[in-house]
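Q: The following file, target10.cif, comprises mmCIF, C-alpha atoms:
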```
data_input
loop_
_atom_site.label_atom_id
_atom_site.label_comp_id
_atom_site.auth_asym_id
_atom_site.auth_seq_id
_atom_site.Cartn_x
_atom_site.Cartn_y
_atom_site.Cartn_z
CA MET F 23 61.30 70.11 127.02
CA ALA F 24 60.83 73.68 125.75
CA ASN F 25 59.56 72.34 122.42
CA LEU F 26 57.38 69.40 123.35
CA ASP F 27 54.73 70.19 120.75
CA THR F 28 57.29 70.09 117.94
CA ILE F 29 58.82 66.93 119.39
CA LEU F 30 55.40 65.27 119.42
CA LEU F 31 54.78 66.24 115.79
CA ASP F 32 58.23 65.00 114.80
CA HIS F 33 57.58 61.78 116.73
CA SER F 34 54.38 61.26 114.76
CA HIS F 35 56.35 61.53 111.51
CA CYS F 36 58.98 59.12 112.91
CA GLU F 37 56.39 56.42 113.61
CA ARG F 38 54.87 56.74 110.13
CA LYS F 39 58.32 56.66 108.56
CA ALA F 40 59.25 53.59 110.62
CA ALA F 41 56.14 51.80 109.32
CA GLY F 42 57.11 52.86 105.78
CA VAL F 43 60.65 51.49 106.15
CA ALA F 44 59.37 48.12 107.39
CA LEU F 45 56.85 47.92 104.55
CA ASN F 46 59.47 48.87 101.95
CA LEU F 47 61.71 46.04 103.12
CA MET F 48 58.75 43.65 102.88
CA PHE F 49 58.26 44.81 99.28
CA ARG F 50 61.93 44.45 98.42
CA TYR F 51 62.35 40.95 99.90
CA PRO F 52 58.95 39.29 99.42
CA SER F 53 60.34 35.71 99.61
CA TYR F 54 62.25 36.19 102.88
CA THR F 55 59.60 34.55 105.05
CA ARG F 56 61.08 35.37 108.43
CA LEU F 57 61.78 38.98 107.47
CA VAL F 58 58.28 39.42 106.05
CA ARG F 59 56.64 37.94 109.12
CA GLN F 60 58.65 39.96 111.64
CA LEU F 61 58.42 43.22 109.72
CA THR F 62 54.66 42.84 109.28
CA ALA F 63 54.42 42.79 113.07
CA ILE F 64 56.73 45.79 113.37
CA ALA F 65 54.83 47.79 110.71
CA ARG F 66 51.55 47.10 112.48
CA GLU F 67 53.02 48.21 115.79
CA GLU F 68 54.50 51.40 114.33
CA LEU F 69 51.10 52.29 112.87
CA GLU F 70 49.54 51.71 116.28
CA HIS F 71 52.11 54.05 117.83
CA PHE F 72 51.50 56.55 115.05
CA GLU F 73 47.81 56.55 116.03
CA LEU F 74 48.68 56.95 119.72
CA VAL F 75 51.04 59.87 119.08
CA ASN F 76 48.38 61.47 116.89
CA GLN F 77 45.90 61.18 119.77
CA TRP F 78 48.39 63.15 121.89
CA LEU F 79 48.64 65.76 119.16
CA GLU F 80 44.87 66.06 119.10
CA LYS F 81 44.69 66.27 122.90
CA ARG F 82 47.14 69.17 122.85
CA GLY F 83 45.47 70.88 119.88
CA ILE F 84 48.48 70.41 117.59
CA PRO F 85 47.36 70.04 113.97
CA LEU F 86 48.97 67.38 111.78
CA ALA F 87 51.44 69.19 109.56
CA PRO F 88 54.57 68.52 107.52
CA LEU F 89 57.83 69.07 109.42
CA SER F 90 61.36 69.16 108.03
CA SER F 91 63.37 66.07 108.94
CA PRO F 92 66.70 66.39 110.71
CA PRO F 93 69.66 65.12 108.59
CA TYR F 94 69.97 61.97 110.76
CA GLY F 95 67.88 59.54 108.66
CA ALA F 96 69.23 60.66 105.29
CA LEU F 97 72.83 60.47 106.50
CA LEU F 98 72.32 56.92 107.73
CA LYS F 99 70.49 55.91 104.57
CA ALA F 100 73.46 57.16 102.54
CA GLU F 101 75.61 54.57 104.35
CA ILE F 102 73.55 51.68 102.96
CA ARG F 103 75.56 49.99 100.23
CA ARG F 104 73.79 49.63 96.88
CA ASP F 105 74.52 46.01 95.93
CA GLU F 106 73.02 42.88 97.40
CA PRO F 107 73.51 41.19 99.78
CA GLU F 108 75.20 44.20 101.45
CA ARG F 109 72.11 46.32 100.85
CA LEU F 110 69.95 44.00 102.95
CA LEU F 111 72.52 43.78 105.74
CA ASP F 112 72.99 47.54 105.91
CA SER F 113 69.24 48.23 105.69
CA LEU F 114 68.56 45.96 108.65
CA LEU F 115 71.42 47.37 110.73
CA VAL F 116 70.55 50.99 110.01
CA SER F 117 66.97 50.33 111.09
CA SER F 118 68.29 48.56 114.14
CA LEU F 119 70.42 51.58 115.12
CA ILE F 120 67.56 54.02 114.57
CA GLU F 121 65.33 51.93 116.84
CA ALA F 122 68.05 51.78 119.50
CA ARG F 123 68.56 55.53 119.33
CA SER F 124 64.81 56.12 119.51
CA HIS F 125 64.78 53.97 122.63
CA GLU F 126 67.42 56.26 124.16
CA ARG F 127 65.60 59.44 123.14
CA LEU F 128 62.15 58.32 124.33
CA GLY F 129 63.81 57.27 127.57
CA LEU F 130 65.22 60.78 128.04
CA LEU F 131 61.79 62.23 127.33
CA ALA F 132 60.20 59.83 129.82
CA THR F 133 62.72 60.85 132.49
CA HIS F 134 62.54 64.60 132.02
CA CYS F 135 58.96 65.24 130.94
CA GLN F 136 56.99 67.09 133.65
CA ASP F 137 53.60 65.97 132.32
CA ARG F 138 53.18 62.66 134.16
CA ASP F 139 50.80 61.13 131.58
CA LEU F 140 53.02 62.03 128.67
CA ALA F 141 56.09 60.72 130.53
CA ASP F 142 54.25 57.42 131.06
CA PHE F 143 53.41 57.32 127.38
CA TYR F 144 57.07 57.74 126.39
CA GLN F 145 57.99 55.07 128.92
CA SER F 146 55.45 52.69 127.39
CA LEU F 147 56.90 53.12 123.89
CA MET F 148 60.52 52.65 125.02
CA ALA F 149 60.19 48.90 125.42
CA SER F 150 58.93 48.51 121.84
CA GLU F 151 61.82 50.48 120.41
CA ALA F 152 64.28 48.24 122.25
CA ARG F 153 62.44 45.16 121.01
CA HIS F 154 62.45 46.42 117.41
CA TYR F 155 66.20 47.05 117.71
CA GLY F 156 66.55 43.38 118.66
CA VAL F 157 64.28 42.15 115.85
CA TYR F 158 66.27 43.96 113.16
CA TRP F 159 69.54 42.71 114.61
CA VAL F 160 68.32 39.10 114.86
CA LEU F 161 67.08 39.33 111.25
CA ALA F 162 70.57 40.44 110.20
CA ASP F 163 71.95 37.42 112.10
CA THR F 164 69.44 35.17 110.29
CA TYR F 165 70.66 36.08 106.83
CA PHE F 166 74.37 36.82 107.51
CA GLU F 167 77.30 35.38 109.43
CA PRO F 168 77.48 36.71 113.02
CA ASP F 169 81.03 38.05 112.49
CA VAL F 170 79.98 39.99 109.40
CA VAL F 171 77.00 41.42 111.29
CA THR F 172 79.00 42.47 114.33
CA GLU F 173 81.74 44.11 112.30
CA ARG F 174 79.32 46.10 110.11
CA LEU F 175 77.16 47.03 113.10
CA GLU F 176 80.23 48.51 114.80
CA GLU F 177 81.16 50.52 111.70
CA LEU F 178 77.64 51.86 111.33
CA ALA F 179 77.28 52.57 115.05
CA ILE F 180 80.39 54.75 114.92
CA LYS F 181 79.00 56.66 111.94
CA GLU F 182 75.65 57.00 113.69
CA SER F 183 77.15 58.57 116.79
CA GLU F 184 79.29 60.87 114.64
CA PHE F 185 76.15 62.12 112.90
CA LEU F 186 74.59 62.98 116.25
CA ALA F 187 77.77 64.66 117.54
CA HIS F 188 76.89 67.62 115.33
CA LEU F 189 73.82 68.92 117.09
CA HIS F 190 70.99 69.74 114.70
CA PRO F 191 69.63 73.22 115.59
CA GLU F 192 65.94 72.27 115.40
CA PRO F 193 64.13 70.28 118.12
CA ARG F 194 63.66 66.74 116.77
CA ILE F 195 63.68 63.23 118.24
CA HIS F 196 66.95 62.56 116.38
CA SER F 197 68.62 65.96 116.69
CA MET Q 25 39.45 27.19 91.54
CA ALA Q 26 42.04 25.22 89.56
CA ASN Q 27 44.75 27.64 90.69
CA LEU Q 28 43.93 28.33 94.32
CA ASP Q 29 47.58 28.26 95.42
CA THR Q 30 48.49 30.99 92.93
CA ILE Q 31 45.39 32.96 93.87
CA LEU Q 32 46.39 32.81 97.54
CA LEU Q 33 49.91 34.01 96.74
CA ASP Q 34 48.53 36.82 94.57
CA HIS Q 35 46.09 37.71 97.35
CA SER Q 36 48.99 38.02 99.80
CA HIS Q 37 50.68 40.48 97.44
CA CYS Q 38 47.38 42.38 97.07
CA GLU Q 39 47.05 42.88 100.83
CA ARG Q 40 50.64 44.12 101.16
CA LYS Q 41 50.17 46.44 98.19
CA ALA Q 42 46.92 47.77 99.66
CA ALA Q 43 48.77 48.60 102.90
CA GLY Q 44 51.47 50.31 100.83
CA VAL Q 45 48.95 52.42 98.92
CA ALA Q 46 47.28 53.60 102.15
CA LEU Q 47 50.66 54.44 103.69
CA ASN Q 48 51.79 56.31 100.57
CA LEU Q 49 48.69 58.50 100.71
CA MET Q 50 49.41 59.18 104.40
CA PHE Q 51 52.91 60.30 103.40
CA ARG Q 52 51.64 62.48 100.57
CA TYR Q 53 48.94 64.26 102.59
CA PRO Q 54 50.33 64.41 106.15
CA SER Q 55 48.13 67.37 107.19
CA TYR Q 56 44.82 65.83 106.05
CA THR Q 57 43.77 64.70 109.51
CA ARG Q 58 40.71 62.70 108.52
CA LEU Q 59 42.53 60.98 105.66
CA VAL Q 60 45.51 60.14 107.88
CA ARG Q 61 43.30 58.75 110.62
CA GLN Q 62 41.15 56.60 108.36
CA LEU Q 63 44.04 55.33 106.24
CA THR Q 64 46.05 54.41 109.34
CA ALA Q 65 43.17 52.12 110.30
CA ILE Q 66 42.98 50.70 106.77
CA ALA Q 67 46.75 50.12 106.57
CA ARG Q 68 46.69 48.29 109.90
CA GLU Q 69 43.81 46.12 108.74
CA GLU Q 70 45.47 45.30 105.40
CA LEU Q 71 48.61 44.21 107.26
CA GLU Q 72 46.47 42.01 109.51
CA HIS Q 73 44.90 40.44 106.40
CA PHE Q 74 48.36 40.06 104.87
CA GLU Q 75 49.37 38.06 107.96
CA LEU Q 76 46.21 35.94 107.77
CA VAL Q 77 46.69 35.16 104.08
CA ASN Q 78 50.32 34.27 104.78
CA GLN Q 79 49.15 31.84 107.45
CA TRP Q 80 47.03 30.16 104.77
CA LEU Q 81 50.06 30.00 102.49
CA GLU Q 82 52.07 28.38 105.26
CA LYS Q 83 49.26 25.90 106.03
CA ARG Q 84 49.21 24.82 102.39
CA GLY Q 85 53.00 24.73 102.11
CA ILE Q 86 53.16 27.56 99.57
CA PRO Q 87 56.41 29.52 99.98
CA LEU Q 88 56.31 33.32 99.84
CA ALA Q 89 57.56 34.31 96.40
CA PRO Q 90 57.37 37.19 93.95
CA LEU Q 91 54.51 36.94 91.44
CA SER Q 92 53.93 39.05 88.34
CA SER Q 93 51.05 41.50 88.78
CA PRO Q 94 48.18 41.52 86.31
CA PRO Q 95 47.91 44.80 84.32
CA TYR Q 96 44.84 45.88 86.36
CA GLY Q 97 46.54 48.03 89.02
CA ALA Q 98 48.98 49.73 86.63
CA LEU Q 99 46.20 50.56 84.17
CA LEU Q 100 44.11 52.16 86.90
CA LYS Q 101 47.11 54.01 88.31
CA ALA Q 102 47.73 55.48 84.85
CA GLU Q 103 44.27 57.08 85.02
CA ILE Q 104 45.26 59.16 88.07
CA ARG Q 105 45.76 62.76 86.95
CA ARG Q 106 49.12 64.29 87.90
CA ASP Q 107 48.12 67.69 89.28
CA GLU Q 108 46.47 68.48 92.58
CA PRO Q 109 43.71 68.45 93.66
CA GLU Q 110 42.75 65.98 90.88
CA ARG Q 111 45.53 63.66 91.95
CA LEU Q 112 44.03 63.23 95.42
CA LEU Q 113 40.51 62.73 94.08
CA ASP Q 114 41.61 60.14 91.53
CA SER Q 115 43.86 58.33 94.02
CA LEU Q 116 40.99 57.95 96.47
CA LEU Q 117 38.51 56.82 93.81
CA VAL Q 118 40.92 54.34 92.22
CA SER Q 119 41.55 52.79 95.64
CA SER Q 120 37.82 52.76 96.22
CA LEU Q 121 37.18 50.87 92.97
CA ILE Q 122 39.96 48.36 93.67
CA GLU Q 123 38.45 47.63 97.10
CA ALA Q 124 34.97 47.23 95.57
CA ARG Q 125 36.31 44.87 92.91
CA SER Q 126 38.23 42.90 95.55
CA HIS Q 127 34.97 42.58 97.46
CA GLU Q 128 33.35 41.06 94.34
CA ARG Q 129 36.27 38.70 93.69
CA LEU Q 130 36.59 37.46 97.28
CA GLY Q 131 32.84 36.95 97.25
CA LEU Q 132 33.13 34.73 94.17
CA LEU Q 133 35.91 32.78 95.85
CA ALA Q 134 33.80 32.41 99.01
CA THR Q 135 30.87 31.08 96.96
CA HIS Q 136 32.77 28.63 94.80
CA CYS Q 137 35.62 27.43 97.02
CA GLN Q 138 35.16 23.76 98.00
CA ASP Q 139 37.41 24.03 101.06
CA ARG Q 140 34.89 25.14 103.70
CA ASP Q 141 37.48 26.81 105.96
CA LEU Q 142 39.04 28.74 103.11
CA ALA Q 143 35.59 29.77 101.84
CA ASP Q 144 34.79 31.10 105.33
CA PHE Q 145 38.05 33.00 105.33
CA TYR Q 146 37.21 34.69 102.02
CA GLN Q 147 33.76 35.46 103.36
CA SER Q 148 35.26 37.08 106.47
CA LEU Q 149 37.47 39.39 104.37
CA MET Q 150 34.65 40.46 102.03
CA ALA Q 151 33.05 42.75 104.58
CA SER Q 152 36.32 44.65 105.12
CA GLU Q 153 36.80 45.21 101.40
CA ALA Q 154 33.29 46.66 101.14
CA ARG Q 155 33.96 48.88 104.16
CA HIS Q 156 37.27 50.10 102.70
CA TYR Q 157 35.46 50.92 99.45
CA GLY Q 158 33.14 53.10 101.52
CA VAL Q 159 35.96 54.75 103.48
CA TYR Q 160 37.80 55.81 100.32
CA TRP Q 161 34.60 57.11 98.78
CA VAL Q 162 33.61 59.06 101.90
CA LEU Q 163 37.13 60.54 102.03
CA ALA Q 164 36.69 61.73 98.44
CA ASP Q 165 33.36 63.28 99.50
CA THR Q 166 35.12 64.98 102.44
CA TYR Q 167 37.59 66.84 100.27
CA PHE Q 168 35.56 67.34 97.07
CA GLU Q 169 32.07 68.38 95.98
CA PRO Q 170 29.66 65.40 95.76
CA ASP Q 171 28.89 66.12 92.09
CA VAL Q 172 32.57 66.15 91.17
CA VAL Q 173 33.08 62.88 93.04
CA THR Q 174 30.12 61.12 91.43
CA GLU Q 175 31.04 62.21 87.94
CA ARG Q 176 34.66 61.15 88.23
CA LEU Q 177 33.75 57.88 89.96
CA GLU Q 178 31.50 57.02 87.02
CA GLU Q 179 34.25 57.79 84.50
CA LEU Q 180 36.77 55.69 86.40
CA ALA Q 181 34.30 52.86 87.00
CA ILE Q 182 33.72 52.58 83.24
CA LYS Q 183 37.48 52.45 82.63
CA GLU Q 184 37.85 49.88 85.41
CA SER Q 185 35.30 47.52 83.90
CA GLU Q 186 36.85 47.97 80.44
CA PHE Q 187 40.22 46.90 81.83
CA LEU Q 188 38.68 43.71 83.21
CA ALA Q 189 36.78 43.01 79.98
CA HIS Q 190 40.07 41.84 78.48
CA LEU Q 191 40.68 38.71 80.48
CA HIS Q 192 44.26 38.44 81.76
CA PRO Q 193 45.55 34.93 80.95
CA GLU Q 194 47.14 34.27 84.37
CA PRO Q 195 45.11 33.39 87.49
CA ARG Q 196 45.03 36.51 89.68
CA ILE Q 197 42.50 38.15 92.01
CA HIS Q 198 42.12 40.98 89.48
CA SER Q 199 42.38 39.02 86.22
#
```
Please render this file's structure as structure tokens.
A:
Amino acid sequence: MANLDTILLDHSHCERKAAGVALNLMFRYPSYTRLVRQLTAIAREELEHFELVNQWLEKRGIPLAPLSSPPYGALLKAEIRRDEPERLLDSLLVSSLIEARSHERLGLLATHCQDRDLADFYQSLMASEARHYGVYWVLADTYFEPDVVTERLEELAIKESEFLAHLHPEPRIHS
Amino acid sequence: MANLDTILLDHSHCERKAAGVALNLMFRYPSYTRLVRQLTAIAREELEHFELVNQWLEKRGIPLAPLSSPPYGALLKAEIRRDEPERLLDSLLVSSLIEARSHERLGLLATHCQDRDLADFYQSLMASEARHYGVYWVLADTYFEPDVVTERLEELAIKESEFLAHLHPEPRIHS
């Protein structure tokens, strides 16, 4: 709450990165019709959110600027196995976990933010993050056996919470 | 006209690539507010077109599949100078030229396509391509002196037409 401007700027970067991740997967798996269709919708929505967050930045007089990322994303990315089909499974599940965690974080912001309009904005984005979490998970279930998905999701979820157990000193959405 | 299915598949790849190019520029120049704002709108629109083209593919029973790119894009990309600020100028002008050329090609498809609905579809996309051409050009004019922009645009436009003077043997939007 003491660093809302930085959090907003970091959030802007998160939405652009989320669109980039969806688009990269569409590039990597161009024949996976269901994946392409669902991720096109997600990429479009992330870009819409990116625009909305940027309107908040403008409203508060915060200039667009680079901002160092917390280690969260890179640590998760390092867990993605290199060979197919594991690479696809892990990519989908890592994205799924990031969306779920974003849902949690935006929820906390919505609950604790004193600015009523900004709190409402965070609230409005929460539902999308939860939906995206579901889309990535269902895509994993489309291309892999449910048991394989559940087992790997558990492994990655444990890693993910371990990464966040070490608090990153800078104010970020995924600190 | 004899290879409309391949042209549609290539067109789908073109729209996804165009979204990717816009997003990459947003990543590379995160503090360039005007660029970020305009390219967010372009990326969203390219993804919308990607979805529309994919609906045409589905309607005609053409599965999503990889397709080799013609040399056009790679040749133009090779003309982009490596150092800033030239890299930004060239990136914007190359995108501008690709959009202008796409406008011409979709226009030819709209004129000659026998399928009335598909011709109308090409017609409807033409206007966007022309607008995107303008957006990229105006962005170049925002960050560079008009004389510098005009001179470099002329150089690149000559290169661009030279690349297309050698007809690529496969049916593609930019053959």
Q: When the PyMOL selection byres ((chain Q) within 8 of (chain F)) is applied to the file above, which residues end up in the set, as a list in words?
A: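 When the PyMOL selection byres ((chain Q) within 8 of (chain F)) is applied, the selected residues are Arg40, Gly44, Leu47, Phe51, Pro54, Ser55, Tyr56, Thr57, Arg61, Thr64, Ala67, Arg68, Leu71, Glu72, Glu75, Pro87, Leu88, Ala89 and Pro90 of chain Q.
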Q: Identify, on the basis of only C-alpha atoms, every residue whose closest approach to F:Glu192 does not exceed 9 Å; exclude the query and any residue fewer than 3 positions from it along the same chain; express the result as a PDB file with C-alpha atoms, in the frame of the given file.
A:
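Output (out15.pdb):
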```
ATOM      1  CA  PRO F  92      66.700  66.390 110.710  1.00  0.00           C
ATOM      2  CA  LEU F 189      73.820  68.920 117.090  1.00  0.00           C
ATOM      3  CA  SER F 197      68.620  65.960 116.690  1.00  0.00           C
TER       4      SER F 197
END
```
Q: Residue by residue, what does the PyMOL selection byres ((chain Q and resi 100) around 9) grab here? Present the result as a PyMOL selection string.
A: chain Q and resi 95-99+101-104+118+122+180+183-184+187
Q: Find the residues around F:Val157 up to 10 Å (only C-alpha atoms counted), leave out those fewer than 6 positions away in its own chain, and share them as a compact mmCIF listing (two decimals) with C-alpha atoms, in the frame of the given file.
A:
```txt
# COMPACT_ATOMS: atom_id res chain seq x y z
CA LEU F 57 61.78 38.98 107.47
CA GLN F 60 58.65 39.96 111.64
CA LEU F 61 58.42 43.22 109.72
CA ILE F 64 56.73 45.79 113.37
CA LEU F 114 68.56 45.96 108.65
CA SER F 117 66.97 50.33 111.09
CA SER F 118 68.29 48.56 114.14
CA GLU F 121 65.33 51.93 116.84
CA GLU F 151 61.82 50.48 120.41
CA ASP F 163 71.95 37.42 112.10
```
Q: Please compute the atom CA of Q:Glu128-atom CA of Q:Ala154 distance, one decimal, in Å.
A: 8.8 Å
